[in-house]
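Engineer: What follows is a structure written as structure tokens; I'll ask about it next.
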Amino acid sequence: MSTIDIDNMGVDDVGTNVNLNTTQQPTANQPPQECIFCAIVSGKIPAKIVDSNNYFVAFLDIQPKAVGHIVIVPKRHVMIMDQMTDEEQASYDMILKNLILKQRSALGATGYTIISSNGGSSGQSVPHFSVHLIPTYSKTQVELPIMGLIQPQKVPEFVMDDVQKKLQGGASALAATGYGGQ
Ligand SMILES: [Zn+2]
């Protein structure tokens with residue numbers, strides 16, 4: 001199955017539960033045989049490619065949330081965004097912006113929503129970094145109020161203060177809490 005469906009991010013498209021626990025040391029980014037996005041990058045699975053550069057490929061989602069819904073994936077089997085090299089990150093920024101401009105100029109999009117789930121706790125279903133770039137078209141109404149769909153959590157003020165201190169402390173402070181990864 002090669003669907004890329006943000007509504008079913010909890011369902012693993014490759015048919016097995018993939019452990020994306022990012023606190024574990026990543027294995028050398030060896031693509032699993034059945035990685036859908038690697039198969040699209042290599043051309044084994046056909047896709048409607050709309051753009052590519054040195055490090056990224058962009059194609060139309062086969063279950064689009066809007067006309068012109070694009071999925072952007074790195075050519076290398078990178079599981080999550082922060083595993084990308086600086087070159088890949090820069091390349092991502094360029095292809096993303098280029099596609100946003102194309103959605104606006106060629107399709108008449110008036111806005112866009114960017115969605116990317118990273119890690120098992122986010123509900124990422126395919127263990128290969130991907131970004132959904134979904135154009136919106138209405139001038140008069142909100143078409144994809146994605147942040148409104150995510151229910152807010154009640155976080156006590158003292159926890160907010162603690163979190164603020166930890167984040168201001170940078171990577172070393174985060175590592176001490178267990179969120180730093182390595
Ligand atoms: Zn892959």
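Identifiers in the structure tokens: chain A, B, ... in order shown; residue index from 1 per chain; ligand index from 1 in order shown.
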Give me, as JSON lines, each residue of chain A that comes within 7 Å of ligand 1, together with its shortest interatomic pair and the distance in Å at one decimal, counting only C-alpha atoms and all ligand atoms, with rows ordered by chain and rising residue number.

Structural biologist:
{"residue": "A:Pro31", "atom": "CA", "partner": "ligand 1", "partner_atom_place_in_ligand_line": "1 (Zn)", "distance": 4.9}
{"residue": "A:Pro32", "atom": "CA", "partner": "ligand 1", "partner_atom_place_in_ligand_line": "1 (Zn)", "distance": 6.8}
{"residue": "A:Cys35", "atom": "CA", "partner": "ligand 1", "partner_atom_place_in_ligand_line": "1 (Zn)", "distance": 4.6}
{"residue": "A:Ile36", "atom": "CA", "partner": "ligand 1", "partner_atom_place_in_ligand_line": "1 (Zn)", "distance": 6.4}
{"residue": "A:Phe37", "atom": "CA", "partner": "ligand 1", "partner_atom_place_in_ligand_line": "1 (Zn)", "distance": 5.0}
{"residue": "A:Cys38", "atom": "CA", "partner": "ligand 1", "partner_atom_place_in_ligand_line": "1 (Zn)", "distance": 3.9}
{"residue": "A:Arg76", "atom": "CA", "partner": "ligand 1", "partner_atom_place_in_ligand_line": "1 (Zn)", "distance": 6.9}
{"residue": "A:His77", "atom": "CA", "partner": "ligand 1", "partner_atom_place_in_ligand_line": "1 (Zn)", "distance": 4.1}
{"residue": "A:Val78", "atom": "CA", "partner": "ligand 1", "partner_atom_place_in_ligand_line": "1 (Zn)", "distance": 6.8}
{"residue": "A:Pro127", "atom": "CA", "partner": "ligand 1", "partner_atom_place_in_ligand_line": "1 (Zn)", "distance": 6.8}
{"residue": "A:His128", "atom": "CA", "partner": "ligand 1", "partner_atom_place_in_ligand_line": "1 (Zn)", "distance": 4.7}

Engineer: May I have the residues from that selection written out with N, CA and C atoms, as a PDB file, in the first residue's frame?

Structural biologist:
ATOM      1  N   PRO A  31      17.679   1.929   4.945  1.00  0.00           N
ATOM      2  CA  PRO A  31      16.266   1.892   4.604  1.00  0.00           C
ATOM      3  C   PRO A  31      15.717   0.474   4.703  1.00  0.00           C
ATOM      4  N   PRO A  32      14.570   0.315   5.365  1.00  0.00           N
ATOM      5  CA  PRO A  32      13.934  -0.989   5.330  1.00  0.00           C
ATOM      6  C   PRO A  32      13.545  -1.303   3.889  1.00  0.00           C
ATOM      7  N   CYS A  35      10.446   0.441   2.468  1.00  0.00           N
ATOM      8  CA  CYS A  35      10.197   1.869   2.666  1.00  0.00           C
ATOM      9  C   CYS A  35       9.551   2.470   1.409  1.00  0.00           C
ATOM     10  N   ILE A  36       8.349   2.971   1.596  1.00  0.00           N
ATOM     11  CA  ILE A  36       7.576   3.509   0.478  1.00  0.00           C
ATOM     12  C   ILE A  36       8.271   4.697  -0.166  1.00  0.00           C
ATOM     13  N   PHE A  37       8.807   5.584   0.678  1.00  0.00           N
ATOM     14  CA  PHE A  37       9.395   6.800   0.125  1.00  0.00           C
ATOM     15  C   PHE A  37      10.706   6.507  -0.598  1.00  0.00           C
ATOM     16  N   CYS A  38      11.497   5.544  -0.082  1.00  0.00           N
ATOM     17  CA  CYS A  38      12.710   5.138  -0.810  1.00  0.00           C
ATOM     18  C   CYS A  38      12.315   4.560  -2.166  1.00  0.00           C
ATOM     19  N   ARG A  76      17.757  10.562   0.619  1.00  0.00           N
ATOM     20  CA  ARG A  76      18.401   9.643   1.554  1.00  0.00           C
ATOM     21  C   ARG A  76      17.358   9.176   2.577  1.00  0.00           C
ATOM     22  N   HIS A  77      17.504   7.943   3.053  1.00  0.00           N
ATOM     23  CA  HIS A  77      16.566   7.430   4.042  1.00  0.00           C
ATOM     24  C   HIS A  77      16.876   8.028   5.415  1.00  0.00           C
ATOM     25  N   VAL A  78      16.356   9.222   5.634  1.00  0.00           N
ATOM     26  CA  VAL A  78      16.497   9.908   6.915  1.00  0.00           C
ATOM     27  C   VAL A  78      15.182   9.738   7.642  1.00  0.00           C
ATOM     28  N   PRO A 127       8.745   5.439   8.327  1.00  0.00           N
ATOM     29  CA  PRO A 127       9.988   5.843   9.016  1.00  0.00           C
ATOM     30  C   PRO A 127      10.970   6.534   8.074  1.00  0.00           C
ATOM     31  N   HIS A 128      10.481   7.485   7.326  1.00  0.00           N
ATOM     32  CA  HIS A 128      11.290   8.256   6.361  1.00  0.00           C
ATOM     33  C   HIS A 128      10.712   9.666   6.406  1.00  0.00           C
TER      34      HIS A 128
END

Engineer: Need to verify the contact set: Leu107 (chain A), 12 Å, only C-alpha atoms, exclusion of same-chain residues closer than 3 positions in sequence. Can you return it as a list in words?

Structural biologist: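 Near neighbours after the sequence-gap exclusion: Ala66, Val67, Gly68, His69, Leu99, Ile100, Leu101, Lys102, Gln103, Arg104, Thr110, Gly111, Tyr112, Ile134, Pro135, Thr136 and Tyr137 of chain A.
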
Engineer: Taking the chain letters and numbering used in this document, name the residues of region 67-123 of chain A that DSSP puts in helix (DSSP H, G or I), as a compact mmCIF listing (two decimals) with N, CA and C atoms, in the first residue's frame.

Structural biologist:
# COMPACT_ATOMS: atom_id res chain seq x y z
N MET A 81 13.47 14.76 10.93
CA MET A 81 14.05 16.00 10.43
C MET A 81 15.43 16.31 11.01
N ASP A 82 15.58 16.12 12.32
CA ASP A 82 16.85 16.54 12.93
C ASP A 82 18.01 15.58 12.62
N GLN A 83 17.76 14.54 11.85
CA GLN A 83 18.85 13.66 11.40
C GLN A 83 19.44 14.15 10.08
N ASP A 86 23.31 19.55 7.46
CA ASP A 86 23.06 20.97 7.21
C ASP A 86 22.76 21.22 5.73
N GLU A 87 23.46 20.47 4.86
CA GLU A 87 23.22 20.61 3.41
C GLU A 87 21.80 20.18 3.06
N GLU A 88 21.37 19.07 3.65
CA GLU A 88 20.01 18.59 3.37
C GLU A 88 18.98 19.58 3.90
N GLN A 89 19.26 20.14 5.08
CA GLN A 89 18.33 21.10 5.67
C GLN A 89 18.19 22.33 4.77
N ALA A 90 19.32 22.81 4.26
CA ALA A 90 19.30 23.98 3.38
C ALA A 90 18.55 23.65 2.08
N SER A 91 18.79 22.44 1.59
CA SER A 91 18.14 21.99 0.36
C SER A 91 16.62 21.88 0.57
N TYR A 92 16.24 21.40 1.76
CA TYR A 92 14.82 21.30 2.11
C TYR A 92 14.17 22.68 2.11
N ASP A 93 14.84 23.64 2.74
CA ASP A 93 14.29 25.00 2.80
C ASP A 93 14.05 25.54 1.38
N MET A 94 14.99 25.24 0.49
CA MET A 94 14.88 25.78 -0.87
C MET A 94 13.74 25.14 -1.66
N ILE A 95 13.64 23.81 -1.57
CA ILE A 95 12.58 23.16 -2.35
C ILE A 95 11.21 23.50 -1.77
N LEU A 96 11.13 23.62 -0.45
CA LEU A 96 9.86 23.98 0.18
C LEU A 96 9.39 25.35 -0.29
N LYS A 97 10.30 26.32 -0.23
CA LYS A 97 9.91 27.67 -0.62
C LYS A 97 9.55 27.73 -2.10
N ASN A 98 10.33 27.02 -2.92
CA ASN A 98 10.07 26.98 -4.35
C ASN A 98 8.66 26.43 -4.64
N LEU A 99 8.31 25.37 -3.92
CA LEU A 99 7.00 24.75 -4.14
C LEU A 99 5.86 25.64 -3.63
N ILE A 100 6.09 26.33 -2.54
CA ILE A 100 5.09 27.27 -2.04
C ILE A 100 4.81 28.34 -3.10
N LEU A 101 5.89 28.87 -3.68
CA LEU A 101 5.74 29.91 -4.71
C LEU A 101 5.01 29.37 -5.93
N LYS A 102 5.30 28.08 -6.28
CA LYS A 102 4.63 27.47 -7.42
C LYS A 102 3.15 27.24 -7.15
N GLN A 103 2.84 26.81 -5.93
CA GLN A 103 1.42 26.61 -5.58
C GLN A 103 0.67 27.94 -5.71
N ARG A 104 1.34 29.00 -5.34
CA ARG A 104 0.70 30.32 -5.42
C ARG A 104 0.56 30.77 -6.87
N SER A 105 1.66 30.71 -7.63
CA SER A 105 1.64 31.27 -8.99
C SER A 105 0.92 30.37 -9.98
N ALA A 106 1.12 29.06 -9.88
CA ALA A 106 0.56 28.16 -10.89
C ALA A 106 -0.83 27.66 -10.54
N LEU A 107 -1.13 27.56 -9.24
CA LEU A 107 -2.43 27.01 -8.83
C LEU A 107 -3.35 28.07 -8.22
N GLY A 120 7.83 8.29 16.67
CA GLY A 120 6.67 7.46 16.98
C GLY A 120 5.63 8.16 17.83
N SER A 121 6.07 9.00 18.75
CA SER A 121 5.11 9.68 19.63
C SER A 121 4.28 10.70 18.87
N SER A 122 4.74 11.09 17.69
CA SER A 122 3.97 12.05 16.87
C SER A 122 2.96 11.34 15.98

Engineer: In Å to one decimal, how far is CA of Lys166 (chain A) from CA of Val131 (chain A)?

Structural biologist: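 So the two atoms, CA of Val131 (chain A) and CA of Lys166 (chain A), lie 27.8 Å apart.
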
Engineer: Which residue is closest to Thr85 (chain A)? Choose from A:Ser116, A:Val142, A:Glu34, A:Tyr55 and count only C-alpha atoms.

Structural biologist: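 Nearest to Thr85 (chain A): A:Tyr55.
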
Engineer: Sorted by chain and rising residue number, list the residues of region 16-125 of chain A at most 12 Å from region 147-162 of chain A (counting only C-alpha atoms), each with its closest atom pair and distance in Å to one decimal, as a tab-separated table.

Structural biologist:
residue	atom	partner	partner_atom	distance
A:Thr113	CA	A:Met147	CA	9.9
A:Ile114	CA	A:Met147	CA	11.0
A:Ile115	CA	A:Met147	CA	10.4

Engineer: Can those selected residues be exported to a file as a PDB file, in the first residue's frame so that it contains C-alpha atoms?

Structural biologist:
ATOM      1  CA  THR A 113      -0.389  24.402   5.704  1.00  0.00           C
ATOM      2  CA  ILE A 114       2.821  22.485   6.426  1.00  0.00           C
ATOM      3  CA  ILE A 115       2.518  19.208   8.332  1.00  0.00           C
TER       4      ILE A 115
END

Engineer: Apply DSSP to the backbone of this structure and, from region 4-174 of chain A, keep only the residues in strand (DSSP E or B); write these as a list in words.

Structural biologist: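 Selection result, strand (DSSP E or B) within region 4-174 of chain A: Ile49, Val50, Asp51, Ser52, Phe56, Val57, Ala58, Phe59, Leu60, Ile70, Val71, Ile72, Val73, Pro74, Gly111, Tyr112, Thr113, Ile114, Ile115, Val131, His132, Leu133, Ile134, Pro135 and Thr136 of chain A.
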
Engineer: Considering only C-alpha atoms, state which residue in the set A:Met79, A:Ile146, A:His132, A:Gln141 is at the smallest distance from Gly119 (chain A).

Structural biologist: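 Looking only at the distances to Gly119 (chain A), the closest residue turns out to be A:Met79.
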
Engineer: At a cut-off of 9 Å, using only C-alpha atoms, what residues contact Val50 (chain A)? Leave out same-chain residues fewer than 4 positions from it and give the result as a count of residues only.

Structural biologist: 6
